[in-house]
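What follows is a set of notes on a single structure, which appears directly below.
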Amino acid sequence: MELAGWRAFFELYPFDDLHRFHRPASAIAGSFGAKPEQVLKYLSPDPIDSALSDADRDVAKALGFTS
């Protein structure tokens, strides 16, 4: 019962970094002419697998395994 209440609350008011910090920052940057999608990508980049070298990531990207 309590879990369902927390789940409903979180769906209405998410409190992760994306919703608390990154989206408002991208909205403010957008008012100065920046593209919000680029600001979000800068503020929360995709995690990088430290086991891969730059060459490994380039090859995987060339083969279409990463975006």
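The way I read the labels, and the way they are meant: chains A, B, ... in the order of the structure tokens, residue 1 as the first residue of every chain, and ligand 1 as the first ligand shown, with later ones counted on from there.
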Show me, as a list in words, the residues that have an atom within 10 Å of region 16-18 of chain A when counting only C-alpha atoms, minus same-chain residues fewer than 6 positions from it.
Phe10, Pro24, Ala25, Leu40, Leu43 and Ser44 of chain A
Quick one: write out the picked residues with all heavy atoms as a PDB file, in the first residue's frame?
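Output saved as again25.pdb:
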```
ATOM      1  N   PHE A  10       6.012   9.682  -7.035  1.00  0.00           N
ATOM      2  CA  PHE A  10       7.188   9.848  -7.897  1.00  0.00           C
ATOM      3  C   PHE A  10       6.794  10.095  -9.342  1.00  0.00           C
ATOM      4  O   PHE A  10       7.463  10.840 -10.049  1.00  0.00           O
ATOM      5  CB  PHE A  10       8.104   8.621  -7.793  1.00  0.00           C
ATOM      6  CG  PHE A  10       9.367   8.778  -8.590  1.00  0.00           C
ATOM      7  CD1 PHE A  10      10.387   9.590  -8.143  1.00  0.00           C
ATOM      8  CD2 PHE A  10       9.537   8.121  -9.798  1.00  0.00           C
ATOM      9  CE1 PHE A  10      11.553   9.748  -8.873  1.00  0.00           C
ATOM     10  CE2 PHE A  10      10.697   8.264 -10.532  1.00  0.00           C
ATOM     11  CZ  PHE A  10      11.702   9.084 -10.067  1.00  0.00           C
ATOM     12  N   PRO A  24      15.522  22.294 -15.845  1.00  0.00           N
ATOM     13  CA  PRO A  24      15.436  23.742 -15.618  1.00  0.00           C
ATOM     14  C   PRO A  24      16.638  24.507 -16.169  1.00  0.00           C
ATOM     15  O   PRO A  24      16.490  25.599 -16.725  1.00  0.00           O
ATOM     16  CB  PRO A  24      15.354  23.869 -14.093  1.00  0.00           C
ATOM     17  CG  PRO A  24      14.809  22.570 -13.637  1.00  0.00           C
ATOM     18  CD  PRO A  24      15.347  21.549 -14.597  1.00  0.00           C
ATOM     19  N   ALA A  25      17.829  23.915 -16.044  1.00  0.00           N
ATOM     20  CA  ALA A  25      19.017  24.578 -16.589  1.00  0.00           C
ATOM     21  C   ALA A  25      18.938  24.678 -18.109  1.00  0.00           C
ATOM     22  O   ALA A  25      19.324  25.693 -18.690  1.00  0.00           O
ATOM     23  CB  ALA A  25      20.283  23.826 -16.185  1.00  0.00           C
ATOM     24  N   LEU A  40      21.016  19.542 -22.506  1.00  0.00           N
ATOM     25  CA  LEU A  40      20.763  18.316 -21.743  1.00  0.00           C
ATOM     26  C   LEU A  40      21.840  17.272 -22.003  1.00  0.00           C
ATOM     27  O   LEU A  40      22.282  16.575 -21.092  1.00  0.00           O
ATOM     28  CB  LEU A  40      19.392  17.744 -22.079  1.00  0.00           C
ATOM     29  CG  LEU A  40      18.205  18.400 -21.415  1.00  0.00           C
ATOM     30  CD1 LEU A  40      16.907  17.815 -21.949  1.00  0.00           C
ATOM     31  CD2 LEU A  40      18.279  18.263 -19.922  1.00  0.00           C
ATOM     32  N   LEU A  43      24.877  18.388 -20.035  1.00  0.00           N
ATOM     33  CA  LEU A  43      24.731  18.264 -18.589  1.00  0.00           C
ATOM     34  C   LEU A  43      24.667  16.812 -18.119  1.00  0.00           C
ATOM     35  O   LEU A  43      25.082  16.510 -16.999  1.00  0.00           O
ATOM     36  CB  LEU A  43      23.478  19.003 -18.121  1.00  0.00           C
ATOM     37  CG  LEU A  43      23.537  20.520 -18.197  1.00  0.00           C
ATOM     38  CD1 LEU A  43      22.185  21.112 -17.849  1.00  0.00           C
ATOM     39  CD2 LEU A  43      24.605  21.071 -17.270  1.00  0.00           C
ATOM     40  N   SER A  44      24.113  15.940 -18.932  1.00  0.00           N
ATOM     41  CA  SER A  44      24.017  14.526 -18.546  1.00  0.00           C
ATOM     42  C   SER A  44      24.446  13.643 -19.706  1.00  0.00           C
ATOM     43  O   SER A  44      23.623  13.038 -20.389  1.00  0.00           O
ATOM     44  CB  SER A  44      22.591  14.184 -18.112  1.00  0.00           C
ATOM     45  OG  SER A  44      21.682  14.488 -19.136  1.00  0.00           O
TER      46      SER A  44
END
```
For Tyr42 (chain A): contacts at 10 Å, only C-alpha atoms, fewer than 4 positions along chain excluded, given as a short mmCIF file (atom, residue, chain, number, x, y, z; two decimals) with N, CA and C atoms, in the first residue's frame:
```cif
data_model
loop_
_atom_site.label_atom_id
_atom_site.label_comp_id
_atom_site.auth_asym_id
_atom_site.auth_seq_id
_atom_site.Cartn_x
_atom_site.Cartn_y
_atom_site.Cartn_z
N HIS A 22 18.76 19.43 -14.45
CA HIS A 22 19.14 19.52 -15.86
C HIS A 22 18.07 20.17 -16.73
N SER A 26 18.42 23.64 -18.76
CA SER A 26 18.30 23.70 -20.22
C SER A 26 17.24 24.71 -20.65
N PRO A 36 17.94 23.39 -26.19
CA PRO A 36 17.79 22.60 -24.96
C PRO A 36 18.31 21.17 -25.07
N GLU A 37 18.15 20.53 -26.25
CA GLU A 37 18.62 19.15 -26.40
C GLU A 37 20.14 19.08 -26.23
N GLN A 38 20.86 20.08 -26.78
CA GLN A 38 22.31 20.08 -26.66
C GLN A 38 22.74 20.34 -25.22
N ASP A 46 26.06 10.50 -21.87
CA ASP A 46 25.96 9.06 -21.74
C ASP A 46 27.18 8.53 -20.99
#
```
Per DSSP on the backbone, filter chain A down to the residues in helix (DSSP H, G or I) and report them as an MDAnalysis selection string.
chainID A and resid 2:12 17:31 36:43 54:62
